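*Asks:* Sharing a structure, written as structure tokens. Questions coming.
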Amino acid sequence: MTVTGPSPTPLPPAPPGNFFDATQWTVLTALIDAIIPSIVPASTVVGSDDKKTHRGIDDGQLEHVTAQVRSTMVSPPSPELFKAYLEERPSTNPALMEALRRTLSTVPASSRRKLGGALTSLS
């Protein structure tokens with residue numbers, strides 16, 4: 001007989017995030033992507049747009065870091081999966097964006113309006 005523990009309660013759907021308009025969301029996600037950049041091999045960063053959205057690191061350094069991380073894990077991901085993880089941008093991760101909307105929905109409306117104003121001025 002298999003004994004299992006309690007199942008976690010699923011989170012309710014995130015609110016729609018209509019407290020910000022499309023431009024404000026675009027600015028916010030651009031800031032998040034800048035703070036947590038996509039990490040790619042420098043050899044794959046070709047144009048100026050790539051340089052804006054990706055952080056290129058030396059190919060050899062990336063290989064070294066991949067090997068080092070894998071050597072410290074009990075069940076390491078494949079090198080391809082680890083590199084895919086590094087290449088991911090936060091704004092393309094639906095779970096992260098849902099968590100952001102959920103978190104921002106708990107912020108007082110007056111603070112959200114101030115943040116929205118700041119995001120508008122940055123656009």
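Quick note on naming: the chains in the structure tokens go A, B, ... in the order shown, residues restart at 1 in each chain, and ligands are numbered from 1 in order of appearance.
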Excluding A:Arg101 and any residue of its chain fewer than 2 positions from it, enumerate the residues within 8 Å of it, using only C-alpha atoms, and give them as a list in words.

*Replies:*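 Listing them by chain and then by number gives Ala14, Pro15, Pro16, Gly17, Met97, Glu98, Ala99, Thr103, Leu104 and Ser105 of chain A.
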
*Asks:* Residues within 6 Å of A:His54, please, as a PyMOL selection string. Count only C-alpha atoms; anything in the same chain fewer than 5 positions from it doesn't count.

*Replies:* chain A and resi 37-39

*Asks:* Go ahead and write the residues just picked, N, CA and C atoms, as a compact mmCIF listing (two decimals), in the first residue's frame.

*Replies:*
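Saved result, selection-v2.txt, follows:
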# COMPACT_ATOMS: atom_id res chain seq x y z
N PRO A 37 18.34 38.75 -16.48
CA PRO A 37 18.50 38.57 -17.93
C PRO A 37 18.56 37.11 -18.35
N SER A 38 18.26 36.91 -19.61
CA SER A 38 18.46 35.62 -20.25
C SER A 38 19.97 35.47 -20.45
N ILE A 39 20.51 34.32 -20.10
CA ILE A 39 21.95 34.09 -20.23
C ILE A 39 22.18 33.11 -21.37

*Asks:* Can you tell me how far atom CA of A:Ser91 sits from atom CA of A:Ile32, in Å to one decimal?

*Replies:*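 Distance between the two atoms: 7.3 Å.
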
*Asks:* Which is closest to A:Ala30 among A:Ser121, A:Gln68, A:Thr106, A:Thr53, if we use only C-alpha atoms?

*Replies:* A:Thr53

*Asks:* Residues of chain A classed as strand (DSSP E) by DSSP on the backbone are to be reported as a list of chain:residue names.

*Replies:*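 These are the residues in question: A:Ser38, A:Ile39, A:Val40, A:Pro41, A:His54, A:Arg55, A:Gly56, A:Ile57.
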
*Asks:* If you run DSSP over the backbone, which residues in chain A end up helix (DSSP H, G or I)? Put them as a compact mmCIF listing (two decimals) with N, CA and C atoms, in the first residue's frame.

*Replies:*
# COMPACT_ATOMS: atom_id res chain seq x y z
N ALA A 22 -1.59 48.06 -21.15
CA ALA A 22 -0.62 47.25 -21.89
C ALA A 22 0.78 47.87 -21.88
N THR A 23 0.86 49.19 -22.01
CA THR A 23 2.16 49.86 -22.01
C THR A 23 2.85 49.71 -20.66
N GLN A 24 2.11 49.88 -19.59
CA GLN A 24 2.70 49.73 -18.25
C GLN A 24 3.20 48.30 -18.03
N TRP A 25 2.45 47.30 -18.47
CA TRP A 25 2.90 45.92 -18.35
C TRP A 25 4.14 45.68 -19.18
N THR A 26 4.20 46.27 -20.37
CA THR A 26 5.37 46.11 -21.23
C THR A 26 6.61 46.68 -20.56
N VAL A 27 6.48 47.86 -19.97
CA VAL A 27 7.62 48.48 -19.28
C VAL A 27 8.03 47.64 -18.08
N LEU A 28 7.06 47.18 -17.29
CA LEU A 28 7.37 46.38 -16.11
C LEU A 28 8.08 45.07 -16.49
N THR A 29 7.58 44.40 -17.51
CA THR A 29 8.23 43.15 -17.90
C THR A 29 9.61 43.40 -18.51
N ALA A 30 9.78 44.53 -19.18
CA ALA A 30 11.11 44.87 -19.70
C ALA A 30 12.09 45.10 -18.55
N LEU A 31 11.63 45.75 -17.50
CA LEU A 31 12.48 45.96 -16.32
C LEU A 31 12.84 44.63 -15.66
N ILE A 32 11.87 43.75 -15.55
CA ILE A 32 12.12 42.44 -14.94
C ILE A 32 13.12 41.65 -15.78
N ASP A 33 12.95 41.68 -17.10
CA ASP A 33 13.88 40.98 -17.98
C ASP A 33 15.29 41.58 -17.89
N ALA A 34 15.37 42.88 -17.64
CA ALA A 34 16.69 43.52 -17.50
C ALA A 34 17.35 43.14 -16.18
N ILE A 35 16.55 42.98 -15.15
CA ILE A 35 17.08 42.64 -13.83
C ILE A 35 17.49 41.17 -13.78
N ALA A 42 27.89 33.76 -25.75
CA ALA A 42 28.20 35.00 -26.47
C ALA A 42 28.20 34.79 -27.98
N SER A 43 28.55 33.59 -28.42
CA SER A 43 28.59 33.32 -29.86
C SER A 43 27.22 33.38 -30.50
N THR A 44 26.14 33.30 -29.71
CA THR A 44 24.80 33.34 -30.28
C THR A 44 24.20 34.74 -30.27
N SER A 48 21.91 43.93 -32.23
CA SER A 48 21.71 44.84 -31.11
C SER A 48 20.47 44.45 -30.31
N ASP A 49 19.44 43.91 -30.98
CA ASP A 49 18.26 43.47 -30.24
C ASP A 49 18.60 42.31 -29.31
N ASP A 50 19.46 41.39 -29.77
CA ASP A 50 19.90 40.29 -28.91
C ASP A 50 20.63 40.82 -27.69
N LYS A 51 21.45 41.84 -27.88
CA LYS A 51 22.22 42.39 -26.76
C LYS A 51 21.32 43.06 -25.74
N LYS A 52 20.14 43.52 -26.19
CA LYS A 52 19.21 44.16 -25.27
C LYS A 52 18.43 43.14 -24.44
N THR A 53 18.24 41.96 -24.98
CA THR A 53 17.38 40.99 -24.31
C THR A 53 18.12 39.79 -23.73
N ASP A 59 31.54 31.36 -24.24
CA ASP A 59 31.09 29.98 -24.43
C ASP A 59 31.80 29.01 -23.49
N GLY A 60 33.11 29.18 -23.33
CA GLY A 60 33.88 28.32 -22.44
C GLY A 60 33.45 28.47 -20.99
N GLN A 61 33.16 29.71 -20.60
CA GLN A 61 32.71 29.96 -19.22
C GLN A 61 31.35 29.31 -19.00
N LEU A 62 30.48 29.37 -20.00
CA LEU A 62 29.17 28.74 -19.86
C LEU A 62 29.31 27.23 -19.72
N GLU A 63 30.19 26.64 -20.50
CA GLU A 63 30.43 25.19 -20.39
C GLU A 63 30.96 24.84 -19.00
N HIS A 64 31.88 25.66 -18.50
CA HIS A 64 32.47 25.42 -17.17
C HIS A 64 31.39 25.50 -16.09
N VAL A 65 30.56 26.55 -16.15
CA VAL A 65 29.50 26.72 -15.15
C VAL A 65 28.51 25.56 -15.22
N THR A 66 28.16 25.17 -16.44
CA THR A 66 27.23 24.05 -16.61
C THR A 66 27.79 22.78 -15.97
N ALA A 67 29.04 22.49 -16.23
CA ALA A 67 29.67 21.30 -15.65
C ALA A 67 29.75 21.41 -14.13
N GLN A 68 30.09 22.60 -13.64
CA GLN A 68 30.21 22.80 -12.19
C GLN A 68 28.86 22.61 -11.49
N VAL A 69 27.81 23.19 -12.05
CA VAL A 69 26.48 23.05 -11.45
C VAL A 69 26.04 21.60 -11.48
N ARG A 70 26.24 20.95 -12.61
CA ARG A 70 25.83 19.54 -12.73
C ARG A 70 26.58 18.64 -11.74
N SER A 71 27.85 18.97 -11.47
CA SER A 71 28.64 18.12 -10.56
C SER A 71 28.18 18.24 -9.11
N THR A 72 27.44 19.29 -8.77
CA THR A 72 27.00 19.49 -7.39
C THR A 72 25.60 18.98 -7.13
N PRO A 79 22.72 19.01 -19.91
CA PRO A 79 23.31 20.31 -20.25
C PRO A 79 22.35 21.15 -21.10
N GLU A 80 21.61 20.52 -21.99
CA GLU A 80 20.66 21.25 -22.84
C GLU A 80 19.54 21.87 -22.01
N LEU A 81 19.02 21.11 -21.05
CA LEU A 81 17.94 21.62 -20.21
C LEU A 81 18.45 22.75 -19.32
N PHE A 82 19.65 22.62 -18.77
CA PHE A 82 20.22 23.67 -17.94
C PHE A 82 20.42 24.95 -18.76
N LYS A 83 20.92 24.81 -19.97
CA LYS A 83 21.13 25.99 -20.83
C LYS A 83 19.78 26.60 -21.22
N ALA A 84 18.78 25.78 -21.45
CA ALA A 84 17.44 26.30 -21.76
C ALA A 84 16.90 27.10 -20.58
N TYR A 85 17.16 26.62 -19.37
CA TYR A 85 16.75 27.33 -18.15
C TYR A 85 17.42 28.71 -18.10
N LEU A 86 18.71 28.77 -18.37
CA LEU A 86 19.42 30.04 -18.34
C LEU A 86 18.94 31.00 -19.43
N GLU A 87 18.55 30.45 -20.56
CA GLU A 87 18.13 31.27 -21.69
C GLU A 87 16.71 31.83 -21.53
N PRO A 90 12.22 35.91 -17.91
CA PRO A 90 11.11 35.89 -16.95
C PRO A 90 9.77 36.25 -17.59
N SER A 91 9.77 37.21 -18.50
CA SER A 91 8.50 37.65 -19.09
C SER A 91 7.84 36.59 -19.96
N THR A 92 8.58 35.56 -20.35
CA THR A 92 7.99 34.49 -21.15
C THR A 92 7.54 33.30 -20.31
N PRO A 94 4.90 31.86 -18.03
CA PRO A 94 3.53 32.14 -17.59
C PRO A 94 3.33 32.04 -16.08
N ALA A 95 3.99 31.08 -15.44
CA ALA A 95 3.83 30.94 -13.99
C ALA A 95 4.39 32.14 -13.25
N LEU A 96 5.52 32.65 -13.70
CA LEU A 96 6.10 33.83 -13.05
C LEU A 96 5.21 35.05 -13.27
N MET A 97 4.67 35.22 -14.47
CA MET A 97 3.81 36.36 -14.74
C MET A 97 2.51 36.26 -13.95
N GLU A 98 2.00 35.06 -13.78
CA GLU A 98 0.80 34.86 -12.96
C GLU A 98 1.11 35.22 -11.51
N ALA A 99 2.26 34.80 -11.01
CA ALA A 99 2.65 35.13 -9.63
C ALA A 99 2.82 36.63 -9.47
N LEU A 100 3.35 37.30 -10.49
CA LEU A 100 3.50 38.75 -10.43
C LEU A 100 2.14 39.43 -10.35
N ARG A 101 1.20 39.01 -11.19
CA ARG A 101 -0.15 39.60 -11.14
C ARG A 101 -0.79 39.33 -9.78
N ARG A 102 -0.62 38.12 -9.28
CA ARG A 102 -1.21 37.76 -7.98
C ARG A 102 -0.60 38.64 -6.87
N THR A 103 0.72 38.82 -6.91
CA THR A 103 1.38 39.63 -5.89
C THR A 103 0.96 41.09 -5.98
N LEU A 104 0.97 41.62 -7.19
CA LEU A 104 0.60 43.03 -7.35
C LEU A 104 -0.85 43.29 -6.98
N SER A 105 -1.71 42.29 -7.11
CA SER A 105 -3.11 42.48 -6.74
C SER A 105 -3.28 42.65 -5.23
N ALA A 109 -4.17 49.75 -3.61
CA ALA A 109 -4.48 50.41 -4.88
C ALA A 109 -3.68 51.71 -5.05
N SER A 110 -3.50 52.46 -3.98
CA SER A 110 -2.77 53.73 -4.09
C SER A 110 -1.31 53.48 -4.49
N SER A 111 -0.72 52.44 -3.96
CA SER A 111 0.66 52.10 -4.31
C SER A 111 0.75 51.59 -5.75
N ARG A 112 -0.25 50.83 -6.17
CA ARG A 112 -0.27 50.36 -7.57
C ARG A 112 -0.39 51.54 -8.53
N ARG A 113 -1.22 52.55 -8.15
CA ARG A 113 -1.35 53.73 -9.01
C ARG A 113 -0.02 54.47 -9.11
N LYS A 114 0.71 54.56 -8.00
CA LYS A 114 2.02 55.22 -8.04
C LYS A 114 2.99 54.45 -8.93
N LEU A 115 3.01 53.13 -8.79
CA LEU A 115 3.86 52.31 -9.64
C LEU A 115 3.44 52.44 -11.10
N GLY A 116 2.15 52.43 -11.35
CA GLY A 116 1.65 52.62 -12.71
C GLY A 116 2.08 53.95 -13.29
N GLY A 117 2.06 55.00 -12.46
CA GLY A 117 2.51 56.32 -12.92
C GLY A 117 3.99 56.30 -13.28
N ALA A 118 4.78 55.63 -12.46
CA ALA A 118 6.22 55.53 -12.73
C ALA A 118 6.46 54.74 -14.01
N LEU A 119 5.71 53.68 -14.21
CA LEU A 119 5.87 52.88 -15.42
C LEU A 119 5.46 53.68 -16.66
N THR A 120 4.42 54.49 -16.53
CA THR A 120 4.00 55.34 -17.64
C THR A 120 5.09 56.35 -17.98
N SER A 121 5.70 56.95 -16.95
CA SER A 121 6.76 57.93 -17.23
C SER A 121 7.99 57.28 -17.87
N LEU A 122 8.19 56.00 -17.66
CA LEU A 122 9.33 55.32 -18.27
C LEU A 122 9.05 54.89 -19.71

*Asks:* What is the distance between atom CA of A:Pro12 and atom CA of A:Glu88, in Å to one decimal?

*Replies:*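 Straight-line distance from atom CA of A:Pro12 to atom CA of A:Glu88 works out to 25.1 Å.
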